[in-house]
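Chemist: data_20.cif (mmCIF, C-alpha atoms) pasted underneath:
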data_work
#
loop_
_atom_site.label_atom_id
_atom_site.label_comp_id
_atom_site.auth_asym_id
_atom_site.auth_seq_id
_atom_site.Cartn_x
_atom_site.Cartn_y
_atom_site.Cartn_z
CA ILE A 282 -3.50 -4.86 8.67
CA ALA A 283 -2.52 -1.55 10.22
CA VAL A 284 0.95 -1.00 11.56
CA VAL A 285 0.90 1.37 14.52
CA SER A 286 3.87 3.62 14.95
CA HIS A 287 4.42 6.86 16.81
CA CYS A 288 4.21 10.17 15.02
CA LYS A 289 5.49 13.42 16.43
CA HIS A 290 3.01 16.24 16.26
CA ILE A 291 3.53 19.91 16.96
CA GLY A 292 4.31 20.16 20.65
CA GLY A 293 6.55 17.09 20.55
CA ASP A 294 4.04 14.58 22.00
CA ASN A 295 4.19 11.04 20.64
CA VAL A 296 0.78 9.88 19.50
CA PRO A 297 -0.07 6.63 17.70
CA CYS A 298 -0.80 6.93 14.01
CA SER A 299 -2.05 4.17 11.77
CA ARG A 300 0.02 3.29 8.72
CA GLN A 301 -0.72 0.51 6.29
CA LYS A 302 1.86 -1.88 4.92
CA PHE A 303 1.26 -4.73 2.51
CA SER A 304 2.93 -6.71 -0.25
CA LEU A 305 2.07 -7.33 -3.88
CA LEU A 306 3.41 -9.54 -6.65
CA ILE A 307 4.50 -8.11 -10.00
CA PRO A 308 1.99 -9.66 -12.47
CA ASP A 309 2.73 -11.40 -15.77
CA GLY A 310 3.13 -9.01 -18.68
CA ALA A 311 4.56 -6.20 -16.54
CA LYS A 312 7.43 -4.15 -17.96
CA PRO A 313 9.53 -2.81 -15.04
CA GLY A 314 10.34 0.88 -15.43
CA THR A 315 7.44 1.31 -17.92
CA SER A 316 4.24 -0.41 -16.71
CA LYS A 317 1.90 0.83 -13.99
CA LEU A 318 -0.10 -1.15 -11.45
CA GLN A 319 -3.49 -0.50 -9.90
CA VAL A 320 -3.72 -1.75 -6.31
CA GLU A 321 -6.46 -1.56 -3.68
CA PRO A 322 -4.95 -1.38 -0.18
CA PRO A 323 -6.13 -4.20 2.13
CA GLY A 324 -7.94 -1.74 4.42
CA GLY A 325 -10.42 -1.21 1.60
CA GLY A 326 -11.98 2.19 1.22
CA ASP A 327 -13.06 4.00 -1.89
CA TYR A 328 -9.67 4.49 -3.47
CA PHE A 329 -6.90 2.58 -5.18
CA LEU A 330 -3.25 3.31 -5.80
CA VAL A 331 -1.68 3.73 -9.23
CA LEU A 332 2.03 2.93 -9.05
CA PRO A 333 4.83 2.83 -11.58
CA ILE A 334 6.73 -0.46 -11.45
CA PRO A 335 10.31 0.34 -10.48
CA ALA A 336 13.08 -0.59 -12.90
CA GLY A 337 15.15 -3.54 -11.77
CA VAL A 338 12.28 -5.73 -10.53
CA ALA A 339 11.05 -8.87 -12.29
CA VAL A 340 7.67 -10.50 -12.98
CA GLY A 341 6.67 -12.63 -9.96
CA MET A 342 8.81 -10.59 -7.55
CA ARG A 343 7.26 -9.47 -4.25
CA LEU A 344 7.28 -5.77 -3.36
CA VAL A 345 6.28 -4.17 -0.07
CA LEU A 346 4.33 -0.92 -0.04
CA GLU A 347 4.29 1.27 3.05
CA GLU A 348 2.19 4.32 3.83
CA GLY A 349 4.29 7.14 5.24
CA VAL A 350 3.20 9.51 8.01
CA ASP A 351 2.52 12.07 5.27
CA GLY A 352 0.08 9.69 3.54
CA GLU A 353 2.47 9.05 0.64
CA TRP A 354 3.16 5.44 -0.37
CA THR A 355 6.69 4.13 -0.93
CA PHE A 356 8.31 0.79 -1.61
CA ALA A 357 9.92 -0.69 1.52
CA ASP A 358 12.57 -3.36 2.08
CA VAL A 359 11.04 -6.80 1.44
CA SER A 360 13.68 -8.67 3.46
CA GLN A 361 12.43 -7.13 6.74
CA GLU A 362 8.82 -8.19 6.23
CA GLN A 363 7.32 -11.65 6.63
CA ASP A 364 3.67 -11.71 7.70
CA LEU A 365 2.13 -8.99 5.56
CA PRO A 366 -1.14 -9.30 3.66
CA THR A 367 -0.60 -9.69 -0.07
CA VAL A 368 -2.99 -7.89 -2.41
CA ALA A 369 -3.68 -8.45 -6.09
CA ALA A 370 -2.04 -5.92 -8.38
CA GLU A 371 -3.70 -5.28 -11.73
CA LEU A 372 -1.59 -4.21 -14.67
CA ILE A 373 -2.86 -0.96 -16.22
CA PRO A 374 -2.71 -1.22 -20.00
CA THR A 375 -0.56 1.28 -21.86
CA GLU A 376 -2.30 4.08 -23.74
CA LYS A 377 -2.12 1.99 -26.91
CA GLU A 378 -4.25 -0.70 -25.29
CA LYS A 379 -7.92 0.12 -25.74
CA LEU A 380 -10.88 -2.16 -25.26
CA MET A 381 -13.97 -2.07 -27.41
CA CYS A 382 -17.11 -4.15 -27.24
CA GLU A 383 -20.58 -4.00 -28.70
CA VAL A 384 -23.65 -3.64 -26.50
CA PRO A 385 -25.58 -6.90 -27.10
CA ASP A 386 -29.23 -6.88 -28.23
CA ASN A 387 -30.40 -8.36 -24.91
CA ALA A 388 -28.59 -5.75 -22.76
CA THR A 389 -30.51 -3.67 -20.25
CA PRO A 390 -28.77 -0.25 -20.00
CA GLY A 391 -27.78 0.54 -16.43
CA LYS A 392 -28.05 -3.13 -15.37
CA THR A 393 -26.33 -5.55 -17.75
CA GLN A 394 -22.67 -6.22 -16.98
CA LEU A 395 -20.20 -7.15 -19.71
CA ARG A 396 -16.99 -9.07 -19.01
CA MET A 397 -13.93 -7.78 -20.87
CA THR A 398 -10.63 -9.65 -20.82
CA LEU A 399 -7.34 -7.82 -20.25
CA SER A 400 -3.88 -9.30 -20.60
CA SER A 401 -3.65 -10.00 -16.86
CA SER A 402 -7.23 -9.87 -15.55
CA GLU A 403 -10.89 -9.27 -16.35
CA LEU A 404 -12.87 -6.06 -16.24
CA LEU A 405 -16.59 -6.06 -15.41
CA VAL A 406 -18.38 -3.15 -17.07
CA THR A 407 -21.99 -2.08 -16.54
CA VAL A 408 -23.67 -0.94 -19.76
CA PRO A 409 -24.30 2.80 -19.26
CA GLU A 410 -27.90 4.07 -19.12
CA GLN A 411 -27.32 6.15 -22.29
CA ALA A 412 -26.09 3.16 -24.35
CA GLN A 413 -28.35 1.22 -26.68
CA PRO A 414 -27.97 -2.28 -28.15
CA GLY A 415 -25.59 -2.13 -31.12
CA ASP A 416 -23.61 0.80 -29.69
CA LYS A 417 -19.88 0.28 -29.12
CA LEU A 418 -18.23 0.92 -25.75
CA LEU A 419 -14.66 2.17 -26.04
CA LEU A 420 -12.57 1.92 -22.86
CA THR A 421 -9.21 3.65 -22.54
CA PRO A 422 -6.88 3.59 -19.53
CA ASP A 423 -6.99 6.66 -17.29
CA GLU A 424 -4.39 7.19 -14.57
CA GLU A 425 -6.79 8.89 -12.15
CA GLN A 426 -9.99 6.92 -12.74
CA GLY A 427 -8.63 3.56 -13.87
CA TRP A 428 -10.72 3.51 -17.06
CA ARG A 429 -12.59 6.05 -19.16
CA MET A 430 -15.60 4.92 -21.23
CA LYS A 431 -16.92 6.46 -24.42
CA ILE A 432 -20.14 5.39 -26.14
CA ILE A 433 -19.99 5.23 -29.94
CA PRO A 434 -23.59 5.12 -31.23
CA ALA A 435 -24.33 2.27 -33.64
CA ALA A 436 -25.17 4.69 -36.50
CA VAL A 437 -21.84 6.53 -36.06
CA HIS A 438 -19.91 3.27 -35.89
CA ARG A 439 -21.62 1.93 -39.06
CA ALA A 440 -20.85 5.20 -40.87
CA MET A 441 -17.18 5.00 -39.80
CA GLU A 442 -16.96 1.39 -41.06
CA SER A 443 -18.51 2.24 -44.44
CA VAL A 444 -15.92 5.01 -44.99
CA GLN A 445 -12.98 2.67 -44.41
#
Would you mind giving the structure from this file in structure tokens?

Modeler:
Amino acid sequence: IAVVSHCKHIGGDNVPCSRQKFSLLIPDGAKPGTSKLQVEPPGGGDYFLVLPIPAGVAVGMRLVLEEGVDGEWTFADVSQEQDLPTVAAELIPTEKEKLMCEVPDNATPGKTQLRMTLSSSELLVTVPEQAQPGDKLLLTPDEEQGWRMKIIPAAVHRAMESVQ
């Protein structure tokens, strides 16, 4: 849903500009003041927002996000808003949280999708073209890209295990 307001441009003319506004719920497992959320605005597009959860909010609480005229997103007053779309907010794991899985023998690189479970949601990962069955996929959180994937070849992984 787009909220139309008037923006002043150079010359002083009022022209409509489209700003988005929506709400989200703080998911289970969130630590206000520490955790970050990944949110896709309801207008869609090819981007998502990464937001720190403000201190002083609680799990299950509703927050309103508003796009400013400068394109920056800020939290707005919830009490003023009633009929806003609510989007799912995904908790981004802390740096300590890494996901690892093995590429199964029946995987087709570039096609097979693996389902990985996070504390608050699931992640669907396509096996990269360069990966082979037996390789390990290591996923680490990345603020800009959401997740970063590293392929650990089976031979390297076996060698690492035999050393330990």

Chemist: Between CA of Val437 (chain A) and CA of Arg396 (chain A), what is the distance, to one decimal in Å?

Modeler: 23.6 Å

Chemist: Convert the output of the PyMOL selection byres ((chain A and resi 412) around 12) on the shown file into explicit residues, formatted as a PyMOL selection string.

Modeler: chain A and resi 382-386+388-393+407-411+413-419+430-435

Chemist: List as an MDAnalysis selection string the protein and nucleic acid residues near Gly314 (chain A), meaning an atom at most 6 Å away when all atoms listed in the file are counted, but skip any in the same chain fewer than 6 places from it.

Modeler: chainID A and resid 334:336

Chemist: Quick one: distance from CA of Asp351 (chain A) to CA of Leu365 (chain A) in Å, one decimal?

Modeler: 21.1 Å

Chemist: Could you work out how far CA of Gly349 (chain A) lies from CA of Asp309 (chain A), giving the answer in Å with one decimal?

Modeler: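 Interatomic distance here is 28.1 Å.
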
Chemist: For the structure provided, state which residues fall under the PyMOL selection byres ((chain A and resi 343) around 7), and present them as a list of chain:residue names.

Modeler: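 So the PyMOL selection byres ((chain A and resi 343) around 7) ends up selecting A:Ser304, A:Leu305, A:Leu306, A:Ile307, A:Gly341, A:Met342, A:Leu344, A:Val345.
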
Chemist: Once the PyMOL selection byres ((chain A and resi 330) around 12) is applied to the coordinates I shared, what remains selected? I want it as a PyMOL selection string.

Modeler: chain A and resi 317-323+325-329+331-333+346-348+352-355+368-373+424-427

Chemist: Using the selection just defined, write its residues with C-alpha atoms as a compact mmCIF listing (two decimals), in the coordinates of the input.

Modeler:
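Result written to out.txt:
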# COMPACT_ATOMS: atom_id res chain seq x y z
CA LYS A 317 1.90 0.83 -13.99
CA LEU A 318 -0.10 -1.15 -11.45
CA GLN A 319 -3.49 -0.50 -9.90
CA VAL A 320 -3.72 -1.75 -6.31
CA GLU A 321 -6.46 -1.56 -3.68
CA PRO A 322 -4.95 -1.38 -0.18
CA PRO A 323 -6.13 -4.20 2.13
CA GLY A 325 -10.42 -1.21 1.60
CA GLY A 326 -11.98 2.19 1.22
CA ASP A 327 -13.06 4.00 -1.89
CA TYR A 328 -9.67 4.49 -3.47
CA PHE A 329 -6.90 2.58 -5.18
CA VAL A 331 -1.68 3.73 -9.23
CA LEU A 332 2.03 2.93 -9.05
CA PRO A 333 4.83 2.83 -11.58
CA LEU A 346 4.33 -0.92 -0.04
CA GLU A 347 4.29 1.27 3.05
CA GLU A 348 2.19 4.32 3.83
CA GLY A 352 0.08 9.69 3.54
CA GLU A 353 2.47 9.05 0.64
CA TRP A 354 3.16 5.44 -0.37
CA THR A 355 6.69 4.13 -0.93
CA VAL A 368 -2.99 -7.89 -2.41
CA ALA A 369 -3.68 -8.45 -6.09
CA ALA A 370 -2.04 -5.92 -8.38
CA GLU A 371 -3.70 -5.28 -11.73
CA LEU A 372 -1.59 -4.21 -14.67
CA ILE A 373 -2.86 -0.96 -16.22
CA GLU A 424 -4.39 7.19 -14.57
CA GLU A 425 -6.79 8.89 -12.15
CA GLN A 426 -9.99 6.92 -12.74
CA GLY A 427 -8.63 3.56 -13.87

Chemist: Because some atoms of region 327-344 of chain A are absent here, can you restore N, CA, C and O atoms and send them as a PDB file, in the coordinates of the input?

Modeler:
ATOM      1  N   ASP A 327     -12.561   3.681  -0.559  1.00  0.00           N
ATOM      2  CA  ASP A 327     -13.060   4.000  -1.890  1.00  0.00           C
ATOM      3  C   ASP A 327     -11.964   4.526  -2.800  1.00  0.00           C
ATOM      4  O   ASP A 327     -12.187   5.377  -3.636  1.00  0.00           O
ATOM      5  N   TYR A 328     -10.760   4.032  -2.618  1.00  0.00           N
ATOM      6  CA  TYR A 328      -9.670   4.490  -3.470  1.00  0.00           C
ATOM      7  C   TYR A 328      -8.749   3.330  -3.818  1.00  0.00           C
ATOM      8  O   TYR A 328      -8.808   2.266  -3.230  1.00  0.00           O
ATOM      9  N   PHE A 329      -7.926   3.551  -4.828  1.00  0.00           N
ATOM     10  CA  PHE A 329      -6.900   2.580  -5.180  1.00  0.00           C
ATOM     11  C   PHE A 329      -5.634   3.364  -5.486  1.00  0.00           C
ATOM     12  O   PHE A 329      -5.678   4.577  -5.674  1.00  0.00           O
ATOM     13  N   LEU A 330      -4.530   2.688  -5.518  1.00  0.00           N
ATOM     14  CA  LEU A 330      -3.250   3.310  -5.800  1.00  0.00           C
ATOM     15  C   LEU A 330      -2.825   2.979  -7.218  1.00  0.00           C
ATOM     16  O   LEU A 330      -3.009   1.856  -7.673  1.00  0.00           O
ATOM     17  N   VAL A 331      -2.272   3.954  -7.914  1.00  0.00           N
ATOM     18  CA  VAL A 331      -1.680   3.730  -9.230  1.00  0.00           C
ATOM     19  C   VAL A 331      -0.184   3.939  -9.054  1.00  0.00           C
ATOM     20  O   VAL A 331       0.252   5.006  -8.633  1.00  0.00           O
ATOM     21  N   LEU A 332       0.587   2.891  -9.331  1.00  0.00           N
ATOM     22  CA  LEU A 332       2.030   2.930  -9.050  1.00  0.00           C
ATOM     23  C   LEU A 332       2.846   2.535 -10.263  1.00  0.00           C
ATOM     24  O   LEU A 332       2.534   1.550 -10.927  1.00  0.00           O
ATOM     25  N   PRO A 333       3.920   3.289 -10.544  1.00  0.00           N
ATOM     26  CA  PRO A 333       4.830   2.830 -11.580  1.00  0.00           C
ATOM     27  C   PRO A 333       5.653   1.659 -11.045  1.00  0.00           C
ATOM     28  O   PRO A 333       6.003   1.639  -9.867  1.00  0.00           O
ATOM     29  N   ILE A 334       5.911   0.673 -11.878  1.00  0.00           N
ATOM     30  CA  ILE A 334       6.730  -0.460 -11.450  1.00  0.00           C
ATOM     31  C   ILE A 334       8.187  -0.027 -11.538  1.00  0.00           C
ATOM     32  O   ILE A 334       8.638   0.401 -12.598  1.00  0.00           O
ATOM     33  N   PRO A 335       8.919  -0.112 -10.439  1.00  0.00           N
ATOM     34  CA  PRO A 335      10.310   0.340 -10.480  1.00  0.00           C
ATOM     35  C   PRO A 335      11.157  -0.507 -11.437  1.00  0.00           C
ATOM     36  O   PRO A 335      10.900  -1.695 -11.604  1.00  0.00           O
ATOM     37  N   ALA A 336      12.131   0.136 -12.055  1.00  0.00           N
ATOM     38  CA  ALA A 336      13.080  -0.590 -12.900  1.00  0.00           C
ATOM     39  C   ALA A 336      13.866  -1.540 -12.000  1.00  0.00           C
ATOM     40  O   ALA A 336      14.040  -1.284 -10.806  1.00  0.00           O
ATOM     41  N   GLY A 337      14.315  -2.630 -12.550  1.00  0.00           N
ATOM     42  CA  GLY A 337      15.150  -3.540 -11.770  1.00  0.00           C
ATOM     43  C   GLY A 337      14.381  -4.632 -11.034  1.00  0.00           C
ATOM     44  O   GLY A 337      14.974  -5.447 -10.347  1.00  0.00           O
ATOM     45  N   VAL A 338      13.042  -4.638 -11.137  1.00  0.00           N
ATOM     46  CA  VAL A 338      12.280  -5.730 -10.530  1.00  0.00           C
ATOM     47  C   VAL A 338      11.848  -6.677 -11.649  1.00  0.00           C
ATOM     48  O   VAL A 338      11.901  -6.319 -12.824  1.00  0.00           O
ATOM     49  N   ALA A 339      11.424  -7.877 -11.290  1.00  0.00           N
ATOM     50  CA  ALA A 339      11.050  -8.870 -12.290  1.00  0.00           C
ATOM     51  C   ALA A 339       9.626  -9.363 -12.046  1.00  0.00           C
ATOM     52  O   ALA A 339       9.108  -9.267 -10.927  1.00  0.00           O
ATOM     53  N   VAL A 340       8.993  -9.899 -13.093  1.00  0.00           N
ATOM     54  CA  VAL A 340       7.670 -10.500 -12.980  1.00  0.00           C
ATOM     55  C   VAL A 340       7.728 -11.591 -11.911  1.00  0.00           C
ATOM     56  O   VAL A 340       8.688 -12.357 -11.849  1.00  0.00           O
ATOM     57  N   GLY A 341       6.717 -11.632 -11.026  1.00  0.00           N
ATOM     58  CA  GLY A 341       6.670 -12.630  -9.960  1.00  0.00           C
ATOM     59  C   GLY A 341       7.362 -12.188  -8.681  1.00  0.00           C
ATOM     60  O   GLY A 341       7.229 -12.835  -7.644  1.00  0.00           O
ATOM     61  N   MET A 342       8.098 -11.084  -8.734  1.00  0.00           N
ATOM     62  CA  MET A 342       8.810 -10.590  -7.550  1.00  0.00           C
ATOM     63  C   MET A 342       7.821  -9.957  -6.577  1.00  0.00           C
ATOM     64  O   MET A 342       6.813  -9.391  -6.981  1.00  0.00           O
ATOM     65  N   ARG A 343       8.119 -10.053  -5.281  1.00  0.00           N
ATOM     66  CA  ARG A 343       7.260  -9.470  -4.250  1.00  0.00           C
ATOM     67  C   ARG A 343       7.806  -8.100  -3.863  1.00  0.00           C
ATOM     68  O   ARG A 343       9.000  -7.943  -3.628  1.00  0.00           O
ATOM     69  N   LEU A 344       6.921  -7.109  -3.811  1.00  0.00           N
ATOM     70  CA  LEU A 344       7.280  -5.770  -3.360  1.00  0.00           C
ATOM     71  C   LEU A 344       6.448  -5.422  -2.139  1.00  0.00           C
ATOM     72  O   LEU A 344       5.313  -5.863  -2.014  1.00  0.00           O
TER      73      LEU A 344
END
